[in-house]
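Enquirer: The structure under discussion is supplied below as structure tokens; questions concerning it will follow.
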2 protein chains.
Amino acid sequence: MTDIAPLSDDIGFLLTRAGTSLTAAAKTALAPFELRVRSYSVLALACEHADGLGQRQLAEELGLDPSQIVALVDDLEARELISRRVDPADRRNKRIDATDAGRTLCVDAQRALASTQSEILAALGDRAVRELRQTLQAIAPGRE
Amino acid sequence: MTDIAPLSDDIGFLLTRAGTSLTAAAKTALAPFELRVRSYSVLALACEHADGLGQRQLAEELGLDPSQIVALVDDLEARELISRRVDPADRRNKRIDATDAGRTLCVDAQRALASTQSEILAALGDRAVRELRQTLQAIAPGRE
DNA sequence: TATTGTTATACTCTATAACTATA
DNA sequence: TATAGTTATAGAGTATAACAATA
């Protein structure tokens, strides 16, 4: 008779559960900015890449399918938080850049997000958070 | 001019990304058993609780809304992997118990799952995995 | 009145495939 | 022929509200 390991020890289950918990908190924190978690990530990546980036690259860094990027970019572009322009060098490409308004909003949103997250992670201590970050980055796909 | 912390350092983002990665692997590993991640978790919890448990408790341990449990239990019951019977002591309650077939399937499924997961987590080392588990359990809600 | 399970509904997210325009 | 972006669609997951039976 084989014992079954408790679900509460399963790393996949725990990752999903903890992720859901932080995502829910992020959703609340971002709501005042009329950003959802997904659109925030797109905006944040646009801000990170000072020289802009293509939608394909966006999809890859977010771990999403390129087709999912379209609506996210549409929305942020309509709100003039990012711009989307055809790359003259290769007209298949569209380069995404954050606008000044986008950068300002992103900074504010990130502040709110960080504050919400640190409440949740406070119990862990700085060191455990750093180790957690490293471990998750080692698991995260995209660097194979 | 404020700097924006890279998205790839954001714990929420990383948790979701790593969780998605493990969930995708789990989905593949469970497919041969005709279990999806959700139904596996229900079955696993039913196996853990030797004396059965109510749907409300199931919902709470999984972090789901009770209304989402119904269809999951319906399916597993139809396949005779669990049983659902009215609690004579309190007829509002329905107790969920794993059947023998359910237990057998669960053990096999868990073995497949563990093997898939250890491939992904192998690079981390046992110690990092144990620390990750502890940290995630500290974040996980349900123990407030 | 409060609780357990249930149904219904709408919304978001995920996964695929096919299409267009450029190269 | 290959790649970037786009559109469409179906399926899974999430979030709420309301209801029946029971306490």
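Residue names in the structure tokens use chain letters A, B, ... in the order shown, residue numbers from 1 in each chain, and ligand numbers from 1 in the order shown.
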Would you pick out the contacts of B:Glu119 at 12 Å or less, using only C-alpha atoms (C1' of nucleotides), so that residues sharing its chain but fewer than 5 positions from it are not included, and give the list as a tab-separated table (two decimals) with all heavy atoms, in the first residue's frame?
Expert:
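Result file is result.tsv:
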chain	number	residue	atom	x	y	z
A	139	ILE	N	13.66	28.28	-12.41
A	139	ILE	CA	12.60	27.43	-12.95
A	139	ILE	C	12.02	28.02	-14.22
A	139	ILE	O	11.73	27.31	-15.18
A	139	ILE	CB	11.43	27.27	-11.95
A	139	ILE	CG1	11.90	26.62	-10.66
A	139	ILE	CG2	10.30	26.44	-12.56
A	139	ILE	CD1	10.81	26.51	-9.61
B	22	LEU	N	4.90	24.59	-14.58
B	22	LEU	CA	4.67	23.29	-13.92
B	22	LEU	C	3.28	22.76	-14.22
B	22	LEU	O	3.07	21.56	-14.35
B	22	LEU	CB	4.88	23.41	-12.40
B	22	LEU	CG	6.31	23.43	-11.88
B	22	LEU	CD1	6.40	22.83	-10.49
B	22	LEU	CD2	7.26	22.69	-12.80
B	25	ALA	N	3.24	21.10	-17.56
B	25	ALA	CA	3.87	19.79	-17.48
B	25	ALA	C	2.93	18.79	-16.80
B	25	ALA	O	2.81	17.64	-17.23
B	25	ALA	CB	5.18	19.89	-16.72
B	26	ALA	N	2.25	19.25	-15.76
B	26	ALA	CA	1.33	18.37	-15.03
B	26	ALA	C	0.18	17.94	-15.94
B	26	ALA	O	-0.24	16.79	-15.93
B	26	ALA	CB	0.79	19.09	-13.80
B	29	ALA	N	1.40	15.21	-18.07
B	29	ALA	CA	1.65	13.99	-17.30
B	29	ALA	C	0.34	13.30	-16.90
B	29	ALA	O	0.27	12.09	-16.78
B	29	ALA	CB	2.48	14.32	-16.07
B	112	ALA	N	3.53	9.52	-11.89
B	112	ALA	CA	3.84	10.18	-13.17
B	112	ALA	C	4.12	11.66	-12.98
B	112	ALA	O	5.05	12.22	-13.56
B	112	ALA	CB	2.68	9.98	-14.14
B	113	LEU	N	3.31	12.26	-12.14
B	113	LEU	CA	3.44	13.69	-11.86
B	113	LEU	C	4.78	13.99	-11.21
B	113	LEU	O	5.51	14.91	-11.61
B	113	LEU	CB	2.31	14.08	-10.92
B	113	LEU	CG	1.84	15.52	-10.90
B	113	LEU	CD1	1.54	15.99	-12.29
B	113	LEU	CD2	0.59	15.62	-10.02
B	114	ALA	N	5.12	13.20	-10.21
B	114	ALA	CA	6.37	13.41	-9.47
B	114	ALA	C	7.57	13.27	-10.40
B	114	ALA	O	8.53	14.04	-10.32
B	114	ALA	CB	6.47	12.42	-8.32
B	124	LEU	N	17.57	22.45	-9.58
B	124	LEU	CA	17.59	23.26	-8.36
B	124	LEU	C	18.35	22.60	-7.21
B	124	LEU	O	18.96	23.26	-6.38
B	124	LEU	CB	16.16	23.52	-7.88
B	124	LEU	CG	15.27	24.35	-8.81
B	124	LEU	CD1	13.93	24.56	-8.15
B	124	LEU	CD2	15.93	25.67	-9.14
B	125	GLY	N	18.26	21.30	-7.15
B	125	GLY	CA	18.85	20.60	-6.01
B	125	GLY	C	17.82	20.41	-4.91
B	125	GLY	O	16.90	21.21	-4.74
Enquirer: Mind listing the helix (DSSP H, G or I) residues of stretch 74-132 of chain A, per DSSP on the backbone, as a PyMOL selection string?
Expert: chain A and resi 74-78+100-124+126-132
Enquirer: Quick one: residues within 10 Å of C:DT22, only C-alpha atoms (C1' of nucleotides), excluding same-chain residues fewer than 3 positions away - as a list in words?
Expert: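 Contacts, with the query itself left out: Asp90, Arg91, Arg92 and Asn93 of chain A; DT3 and DA4 of chain D.
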Enquirer: Could you dump the residues just selected with N, CA, C and O atoms (P, O5', C5', C4', C3', O3' and C1' of nucleotides) as a short mmCIF file (atom, residue, chain, number, x, y, z; two decimals), in the first residue's frame?
Expert:
data_model
loop_
_atom_site.label_atom_id
_atom_site.label_comp_id
_atom_site.auth_asym_id
_atom_site.auth_seq_id
_atom_site.Cartn_x
_atom_site.Cartn_y
_atom_site.Cartn_z
N ASP A 90 12.30 46.87 -41.41
CA ASP A 90 11.62 45.61 -41.76
C ASP A 90 10.14 45.82 -41.49
O ASP A 90 9.69 45.75 -40.35
N ARG A 91 9.42 46.08 -42.56
CA ARG A 91 8.05 46.54 -42.41
C ARG A 91 7.10 45.47 -41.86
O ARG A 91 5.92 45.76 -41.62
N ARG A 92 7.60 44.28 -41.60
CA ARG A 92 6.74 43.29 -40.94
C ARG A 92 6.68 43.58 -39.44
O ARG A 92 5.73 43.23 -38.75
N ASN A 93 7.73 44.17 -38.95
CA ASN A 93 7.87 44.46 -37.52
C ASN A 93 7.11 45.69 -37.07
O ASN A 93 7.05 46.68 -37.81
P DT D 3 11.20 31.12 -39.81
"O5'" DT D 3 10.66 32.60 -39.56
"C5'" DT D 3 11.48 33.70 -39.95
"C4'" DT D 3 10.64 34.97 -39.84
"C3'" DT D 3 9.89 35.06 -38.51
"O3'" DT D 3 10.24 36.30 -37.89
"C1'" DT D 3 8.44 35.49 -40.34
P DA D 4 9.54 36.69 -36.47
"O5'" DA D 4 8.46 37.77 -36.91
"C5'" DA D 4 8.89 39.07 -37.26
"C4'" DA D 4 7.72 40.01 -37.29
"C3'" DA D 4 6.92 40.03 -35.98
"O3'" DA D 4 6.65 41.37 -35.60
"C1'" DA D 4 5.53 39.31 -37.80
#
Enquirer: I'd like the interatomic distance between atom CA of A:Asp51 and atom CA of B:Ile4, to a tenth of an Å.
Expert: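 Between atom CA of A:Asp51 and atom CA of B:Ile4 the gap is 15.1 Å.
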Enquirer: DSSP on the backbone: which residues in chain A end up as strand (DSSP E)? Give the answer as a PyMOL selection string.
Expert: chain A and resi 53-54+82-86+94-98
Enquirer: If you keep all heavy atoms, can you produce a file of those selected residues as an mmCIF file, in the first residue's frame?
Expert:
data_model
loop_
_atom_site.group_PDB
_atom_site.id
_atom_site.type_symbol
_atom_site.label_atom_id
_atom_site.label_comp_id
_atom_site.auth_asym_id
_atom_site.auth_seq_id
_atom_site.Cartn_x
_atom_site.Cartn_y
_atom_site.Cartn_z
ATOM 1 N N LEU A 53 10.502 47.462 -28.494
ATOM 2 C CA LEU A 53 10.650 46.035 -28.780
ATOM 3 C C LEU A 53 9.483 45.572 -29.632
ATOM 4 O O LEU A 53 8.446 46.244 -29.682
ATOM 5 C CB LEU A 53 10.748 45.217 -27.483
ATOM 6 C CG LEU A 53 9.498 44.953 -26.657
ATOM 7 C CD1 LEU A 53 9.793 43.973 -25.553
ATOM 8 C CD2 LEU A 53 8.938 46.235 -26.054
ATOM 9 N N GLY A 54 9.657 44.455 -30.320
ATOM 10 C CA GLY A 54 8.612 43.933 -31.195
ATOM 11 C C GLY A 54 7.584 43.128 -30.414
ATOM 12 O O GLY A 54 7.837 42.724 -29.281
ATOM 13 N N ILE A 82 1.342 53.583 -24.812
ATOM 14 C CA ILE A 82 2.439 53.086 -25.648
ATOM 15 C C ILE A 82 2.158 53.521 -27.085
ATOM 16 O O ILE A 82 1.035 53.895 -27.417
ATOM 17 C CB ILE A 82 2.552 51.541 -25.620
ATOM 18 C CG1 ILE A 82 1.274 50.893 -26.171
ATOM 19 C CG2 ILE A 82 2.830 51.027 -24.231
ATOM 20 C CD1 ILE A 82 1.365 49.399 -26.292
ATOM 21 N N SER A 83 3.203 53.467 -27.901
ATOM 22 C CA SER A 83 2.993 53.705 -29.332
ATOM 23 C C SER A 83 3.427 52.459 -30.094
ATOM 24 O O SER A 83 4.268 51.695 -29.618
ATOM 25 C CB SER A 83 3.796 54.922 -29.798
ATOM 26 O OG SER A 83 5.180 54.611 -29.764
ATOM 27 N N ARG A 84 2.814 52.271 -31.265
ATOM 28 C CA ARG A 84 3.101 51.090 -32.073
ATOM 29 C C ARG A 84 3.357 51.621 -33.480
ATOM 30 O O ARG A 84 2.478 52.208 -34.100
ATOM 31 C CB ARG A 84 1.859 50.206 -32.049
ATOM 32 C CG ARG A 84 1.907 48.951 -32.912
ATOM 33 C CD ARG A 84 0.484 48.562 -33.245
ATOM 34 N NE ARG A 84 0.014 47.340 -32.595
ATOM 35 C CZ ARG A 84 -1.263 47.110 -32.304
ATOM 36 N NH1 ARG A 84 -2.171 48.021 -32.545
ATOM 37 N NH2 ARG A 84 -1.626 45.974 -31.763
ATOM 38 N N ARG A 85 4.612 51.478 -33.911
ATOM 39 C CA ARG A 85 4.911 51.996 -35.248
ATOM 40 C C ARG A 85 5.651 50.950 -36.063
ATOM 41 O O ARG A 85 6.432 50.157 -35.521
ATOM 42 C CB ARG A 85 5.717 53.292 -35.149
ATOM 43 C CG ARG A 85 7.051 53.127 -34.483
ATOM 44 C CD ARG A 85 7.768 54.443 -34.185
ATOM 45 N NE ARG A 85 8.804 54.222 -33.195
ATOM 46 C CZ ARG A 85 10.001 53.668 -33.461
ATOM 47 N NH1 ARG A 85 10.304 53.309 -34.677
ATOM 48 N NH2 ARG A 85 10.888 53.479 -32.503
ATOM 49 N N VAL A 86 5.392 50.981 -37.347
ATOM 50 C CA VAL A 86 6.034 50.043 -38.254
ATOM 51 C C VAL A 86 7.525 50.347 -38.324
ATOM 52 O O VAL A 86 7.913 51.507 -38.436
ATOM 53 C CB VAL A 86 5.400 50.154 -39.663
ATOM 54 C CG1 VAL A 86 6.181 49.308 -40.657
ATOM 55 C CG2 VAL A 86 3.944 49.729 -39.622
ATOM 56 N N LYS A 94 6.583 45.651 -35.871
ATOM 57 C CA LYS A 94 6.049 46.864 -35.261
ATOM 58 C C LYS A 94 6.766 47.075 -33.943
ATOM 59 O O LYS A 94 6.809 46.174 -33.114
ATOM 60 C CB LYS A 94 4.549 46.725 -35.041
ATOM 61 C CG LYS A 94 3.822 46.435 -36.342
ATOM 62 C CD LYS A 94 2.367 46.666 -36.279
ATOM 63 C CE LYS A 94 1.744 46.369 -37.643
ATOM 64 N NZ LYS A 94 0.286 46.227 -37.572
ATOM 65 N N ARG A 95 7.315 48.263 -33.793
ATOM 66 C CA ARG A 95 8.037 48.508 -32.552
ATOM 67 C C ARG A 95 7.115 49.180 -31.547
ATOM 68 O O ARG A 95 6.388 50.114 -31.857
ATOM 69 C CB ARG A 95 9.304 49.339 -32.781
ATOM 70 C CG ARG A 95 10.228 48.662 -33.758
ATOM 71 C CD ARG A 95 11.713 48.782 -33.500
ATOM 72 N NE ARG A 95 12.266 48.318 -32.241
ATOM 73 C CZ ARG A 95 12.666 47.055 -31.998
ATOM 74 N NH1 ARG A 95 12.499 46.110 -32.888
ATOM 75 N NH2 ARG A 95 13.210 46.755 -30.853
ATOM 76 N N ILE A 96 7.177 48.659 -30.328
ATOM 77 C CA ILE A 96 6.349 49.155 -29.236
ATOM 78 C C ILE A 96 7.222 50.020 -28.332
ATOM 79 O O ILE A 96 8.276 49.576 -27.883
ATOM 80 C CB ILE A 96 5.793 47.987 -28.405
ATOM 81 C CG1 ILE A 96 5.099 46.962 -29.305
ATOM 82 C CG2 ILE A 96 4.856 48.487 -27.313
ATOM 83 C CD1 ILE A 96 3.947 47.494 -30.091
ATOM 84 N N ASP A 97 6.795 51.237 -28.078
ATOM 85 C CA ASP A 97 7.509 52.134 -27.170
ATOM 86 C C ASP A 97 6.536 52.710 -26.156
ATOM 87 O O ASP A 97 5.394 53.033 -26.490
ATOM 88 C CB ASP A 97 8.133 53.301 -27.952
ATOM 89 C CG ASP A 97 9.271 52.855 -28.847
ATOM 90 O OD1 ASP A 97 10.381 52.699 -28.326
ATOM 91 O OD2 ASP A 97 9.021 52.634 -30.054
ATOM 92 N N ALA A 98 7.011 52.863 -24.935
ATOM 93 C CA ALA A 98 6.187 53.529 -23.925
ATOM 94 C C ALA A 98 6.190 55.033 -24.199
ATOM 95 O O ALA A 98 7.219 55.592 -24.588
ATOM 96 C CB ALA A 98 6.734 53.255 -22.535
#
Enquirer: Dump as CSV the rows for residues of chain C within 10 Å of chain B: closest atom pair and distance in Å with one decimal, only C-alpha atoms (C1' of nucleotides) counted, ordered by chain and rising residue number.
Expert:
residue,atom,partner,partner_atom,distance
C:DT3,C1',B:Arg92,CA,8.0
C:DT4,C1',B:Arg92,CA,5.1
C:DG5,C1',B:Arg92,CA,7.4
C:DT6,C1',B:Ser67,CA,7.2
C:DT7,C1',B:Ser67,CA,8.8
Enquirer: For chain B, list the residues within 7 Å of chain A, counting only C-alpha atoms, and write the list as a PDB file with N, CA and C atoms, in the first residue's frame.
Expert:
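Contents of out_1.pdb, as written:
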ATOM      1  N   ILE B   4      12.407  51.876 -13.051  1.00  0.00           N
ATOM      2  CA  ILE B   4      11.393  50.848 -12.921  1.00  0.00           C
ATOM      3  C   ILE B   4      12.091  49.502 -12.742  1.00  0.00           C
ATOM      4  N   PRO B   6      12.857  45.721 -13.042  1.00  0.00           N
ATOM      5  CA  PRO B   6      12.541  44.818 -14.147  1.00  0.00           C
ATOM      6  C   PRO B   6      11.442  43.825 -13.770  1.00  0.00           C
ATOM      7  N   LEU B   7      10.569  43.588 -14.719  1.00  0.00           N
ATOM      8  CA  LEU B   7       9.469  42.641 -14.513  1.00  0.00           C
ATOM      9  C   LEU B   7      10.006  41.265 -14.130  1.00  0.00           C
ATOM     10  N   ASP B   9      12.127  40.508 -12.159  1.00  0.00           N
ATOM     11  CA  ASP B   9      12.453  40.410 -10.739  1.00  0.00           C
ATOM     12  C   ASP B   9      11.194  40.398  -9.880  1.00  0.00           C
ATOM     13  N   ILE B  11       8.170  39.151  -8.017  1.00  0.00           N
ATOM     14  CA  ILE B  11       7.836  37.838  -7.450  1.00  0.00           C
ATOM     15  C   ILE B  11       6.492  37.326  -7.985  1.00  0.00           C
ATOM     16  N   GLY B  12       5.528  38.193  -8.100  1.00  0.00           N
ATOM     17  CA  GLY B  12       4.215  37.776  -8.612  1.00  0.00           C
ATOM     18  C   GLY B  12       4.313  37.250 -10.023  1.00  0.00           C
ATOM     19  N   LEU B  14       6.983  36.083 -11.514  1.00  0.00           N
ATOM     20  CA  LEU B  14       7.768  34.847 -11.529  1.00  0.00           C
ATOM     21  C   LEU B  14       6.960  33.664 -11.005  1.00  0.00           C
ATOM     22  N   LEU B  15       6.155  33.893  -9.977  1.00  0.00           N
ATOM     23  CA  LEU B  15       5.332  32.812  -9.436  1.00  0.00           C
ATOM     24  C   LEU B  15       4.348  32.324 -10.491  1.00  0.00           C
ATOM     25  N   THR B  16       3.708  33.271 -11.161  1.00  0.00           N
ATOM     26  CA  THR B  16       2.747  32.896 -12.186  1.00  0.00           C
ATOM     27  C   THR B  16       3.421  32.145 -13.325  1.00  0.00           C
ATOM     28  N   ARG B  17       4.591  32.649 -13.723  1.00  0.00           N
ATOM     29  CA  ARG B  17       5.317  32.043 -14.837  1.00  0.00           C
ATOM     30  C   ARG B  17       5.749  30.626 -14.492  1.00  0.00           C
ATOM     31  N   ALA B  18       6.332  30.452 -13.310  1.00  0.00           N
ATOM     32  CA  ALA B  18       6.791  29.127 -12.893  1.00  0.00           C
ATOM     33  C   ALA B  18       5.599  28.202 -12.688  1.00  0.00           C
ATOM     34  N   GLY B  19       4.525  28.737 -12.119  1.00  0.00           N
ATOM     35  CA  GLY B  19       3.319  27.942 -11.910  1.00  0.00           C
ATOM     36  C   GLY B  19       2.734  27.466 -13.226  1.00  0.00           C
ATOM     37  N   LEU B  22       4.905  24.591 -14.579  1.00  0.00           N
ATOM     38  CA  LEU B  22       4.674  23.294 -13.918  1.00  0.00           C
ATOM     39  C   LEU B  22       3.276  22.759 -14.216  1.00  0.00           C
ATOM     40  N   THR B  23       2.301  23.664 -14.321  1.00  0.00           N
ATOM     41  CA  THR B  23       0.939  23.224 -14.605  1.00  0.00           C
ATOM     42  C   THR B  23       0.846  22.604 -15.993  1.00  0.00           C
ATOM     43  N   ALA B  44      -6.862  13.693  -5.216  1.00  0.00           N
ATOM     44  CA  ALA B  44      -5.766  13.578  -4.247  1.00  0.00           C
ATOM     45  C   ALA B  44      -6.240  13.941  -2.841  1.00  0.00           C
ATOM     46  N   LEU B  45      -7.045  14.995  -2.738  1.00  0.00           N
ATOM     47  CA  LEU B  45      -7.534  15.389  -1.413  1.00  0.00           C
ATOM     48  C   LEU B  45      -8.479  14.333  -0.851  1.00  0.00           C
ATOM     49  N   GLU B  48      -6.386  11.684   0.559  1.00  0.00           N
ATOM     50  CA  GLU B  48      -5.703  12.084   1.782  1.00  0.00           C
ATOM     51  C   GLU B  48      -6.594  11.956   3.007  1.00  0.00           C
ATOM     52  N   VAL B 107      -2.550   6.992  -7.077  1.00  0.00           N
ATOM     53  CA  VAL B 107      -1.155   6.613  -6.824  1.00  0.00           C
ATOM     54  C   VAL B 107      -0.358   6.613  -8.123  1.00  0.00           C
ATOM     55  N   LEU B 132      12.060  26.070  -1.133  1.00  0.00           N
ATOM     56  CA  LEU B 132      10.983  26.624  -1.952  1.00  0.00           C
ATOM     57  C   LEU B 132       9.624  26.190  -1.408  1.00  0.00           C
ATOM     58  N   ARG B 133       9.499  24.926  -1.080  1.00  0.00           N
ATOM     59  CA  ARG B 133       8.246  24.398  -0.550  1.00  0.00           C
ATOM     60  C   ARG B 133       7.841  25.138   0.725  1.00  0.00           C
ATOM     61  N   LEU B 136       6.779  28.743  -0.076  1.00  0.00           N
ATOM     62  CA  LEU B 136       5.463  28.806  -0.724  1.00  0.00           C
ATOM     63  C   LEU B 136       4.351  28.495   0.269  1.00  0.00           C
ATOM     64  N   GLN B 137       4.610  27.568   1.168  1.00  0.00           N
ATOM     65  CA  GLN B 137       3.592  27.245   2.173  1.00  0.00           C
ATOM     66  C   GLN B 137       3.353  28.437   3.093  1.00  0.00           C
ATOM     67  N   ILE B 139       3.560  31.566   2.103  1.00  0.00           N
ATOM     68  CA  ILE B 139       2.785  32.547   1.333  1.00  0.00           C
ATOM     69  C   ILE B 139       1.344  32.102   1.172  1.00  0.00           C
ATOM     70  N   ALA B 140       1.178  30.797   0.916  1.00  0.00           N
ATOM     71  CA  ALA B 140      -0.145  30.261   0.570  1.00  0.00           C
ATOM     72  C   ALA B 140      -1.190  30.720   1.572  1.00  0.00           C
TER      73      ALA B 140
END
Enquirer: With distances taken over only C-alpha atoms (C1' of nucleotides), which of A:Asp87, A:Asp126, A:Glu34, A:Glu77 is nearest to chain D?
Expert: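 Of A:Asp87, A:Asp126, A:Glu34, A:Glu77, the one nearest chain D is A:Asp87, counting only C-alpha atoms (C1' of nucleotides).
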Enquirer: Please, which residues in chain D fall within 8 Å of chain B when counting only C-alpha atoms (C1' of nucleotides), and what is the closest atom pair and distance in Å to one decimal for each, ordered by chain then residue number, as JSON lines?
Expert:
{"residue": "D:DA21", "atom": "C1'", "partner": "B:Arg92", "partner_atom": "CA", "distance": 7.1}
{"residue": "D:DT22", "atom": "C1'", "partner": "B:Arg92", "partner_atom": "CA", "distance": 5.4}
{"residue": "D:DA23", "atom": "C1'", "partner": "B:Asp90", "partner_atom": "CA", "distance": 7.7}
Enquirer: With all heavy atoms kept, could you save the residues just selected as an mmCIF file, in the first residue's frame?
Expert:
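Saved as result.cif:
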data_model
loop_
_atom_site.group_PDB
_atom_site.id
_atom_site.type_symbol
_atom_site.label_atom_id
_atom_site.label_comp_id
_atom_site.auth_asym_id
_atom_site.auth_seq_id
_atom_site.Cartn_x
_atom_site.Cartn_y
_atom_site.Cartn_z
ATOM 1 P P DA D 21 -36.464 22.009 -2.681
ATOM 2 O OP1 DA D 21 -36.955 20.762 -3.323
ATOM 3 O OP2 DA D 21 -37.378 22.970 -2.061
ATOM 4 O "O5'" DA D 21 -35.374 21.582 -1.582
ATOM 5 C "C5'" DA D 21 -34.351 20.680 -1.955
ATOM 6 C "C4'" DA D 21 -33.454 20.454 -0.755
ATOM 7 O "O4'" DA D 21 -32.819 21.689 -0.386
ATOM 8 C "C3'" DA D 21 -34.188 19.950 0.492
ATOM 9 O "O3'" DA D 21 -33.465 18.834 0.994
ATOM 10 C "C2'" DA D 21 -34.137 21.143 1.456
ATOM 11 C "C1'" DA D 21 -32.853 21.850 1.017
ATOM 12 N N9 DA D 21 -32.807 23.277 1.267
ATOM 13 C C8 DA D 21 -33.751 24.224 0.970
ATOM 14 N N7 DA D 21 -33.410 25.450 1.309
ATOM 15 C C5 DA D 21 -32.146 25.306 1.878
ATOM 16 C C6 DA D 21 -31.248 26.227 2.428
ATOM 17 N N6 DA D 21 -31.485 27.537 2.511
ATOM 18 N N1 DA D 21 -30.075 25.744 2.900
ATOM 19 C C2 DA D 21 -29.839 24.432 2.824
ATOM 20 N N3 DA D 21 -30.608 23.458 2.321
ATOM 21 C C4 DA D 21 -31.754 23.980 1.857
ATOM 22 P P DT D 22 -34.025 18.022 2.266
ATOM 23 O OP1 DT D 22 -33.546 16.638 2.173
ATOM 24 O OP2 DT D 22 -35.461 18.338 2.418
ATOM 25 O "O5'" DT D 22 -33.238 18.712 3.466
ATOM 26 C "C5'" DT D 22 -31.840 18.553 3.538
ATOM 27 C "C4'" DT D 22 -31.316 19.459 4.623
ATOM 28 O "O4'" DT D 22 -31.683 20.809 4.357
ATOM 29 C "C3'" DT D 22 -31.858 19.146 6.019
ATOM 30 O "O3'" DT D 22 -30.800 18.513 6.743
ATOM 31 C "C2'" DT D 22 -32.241 20.521 6.583
ATOM 32 C "C1'" DT D 22 -31.603 21.470 5.590
ATOM 33 N N1 DT D 22 -32.233 22.807 5.414
ATOM 34 C C2 DT D 22 -31.551 23.924 5.838
ATOM 35 O O2 DT D 22 -30.454 23.865 6.344
ATOM 36 N N3 DT D 22 -32.185 25.127 5.616
ATOM 37 C C4 DT D 22 -33.421 25.317 5.034
ATOM 38 O O4 DT D 22 -33.884 26.436 4.888
ATOM 39 C C5 DT D 22 -34.109 24.101 4.622
ATOM 40 C C7 DT D 22 -35.449 24.203 3.971
ATOM 41 C C6 DT D 22 -33.484 22.921 4.825
ATOM 42 P P DA D 23 -31.067 18.028 8.227
ATOM 43 O OP1 DA D 23 -30.071 16.993 8.534
ATOM 44 O OP2 DA D 23 -32.503 17.758 8.382
ATOM 45 O "O5'" DA D 23 -30.696 19.320 9.065
ATOM 46 C "C5'" DA D 23 -29.327 19.731 9.119
ATOM 47 C "C4'" DA D 23 -29.213 21.038 9.871
ATOM 48 O "O4'" DA D 23 -29.958 22.055 9.181
ATOM 49 C "C3'" DA D 23 -29.821 21.005 11.272
ATOM 50 O "O3'" DA D 23 -28.778 20.726 12.205
ATOM 51 C "C2'" DA D 23 -30.388 22.413 11.467
ATOM 52 C "C1'" DA D 23 -30.259 23.068 10.104
ATOM 53 N N9 DA D 23 -31.464 23.710 9.589
ATOM 54 C C8 DA D 23 -32.583 23.108 9.073
ATOM 55 N N7 DA D 23 -33.506 23.968 8.659
ATOM 56 C C5 DA D 23 -32.959 25.203 8.952
ATOM 57 C C6 DA D 23 -33.423 26.502 8.766
ATOM 58 N N6 DA D 23 -34.625 26.790 8.222
ATOM 59 N N1 DA D 23 -32.632 27.521 9.151
ATOM 60 C C2 DA D 23 -31.426 27.225 9.695
ATOM 61 N N3 DA D 23 -30.880 26.050 9.913
ATOM 62 C C4 DA D 23 -31.702 25.068 9.518
#
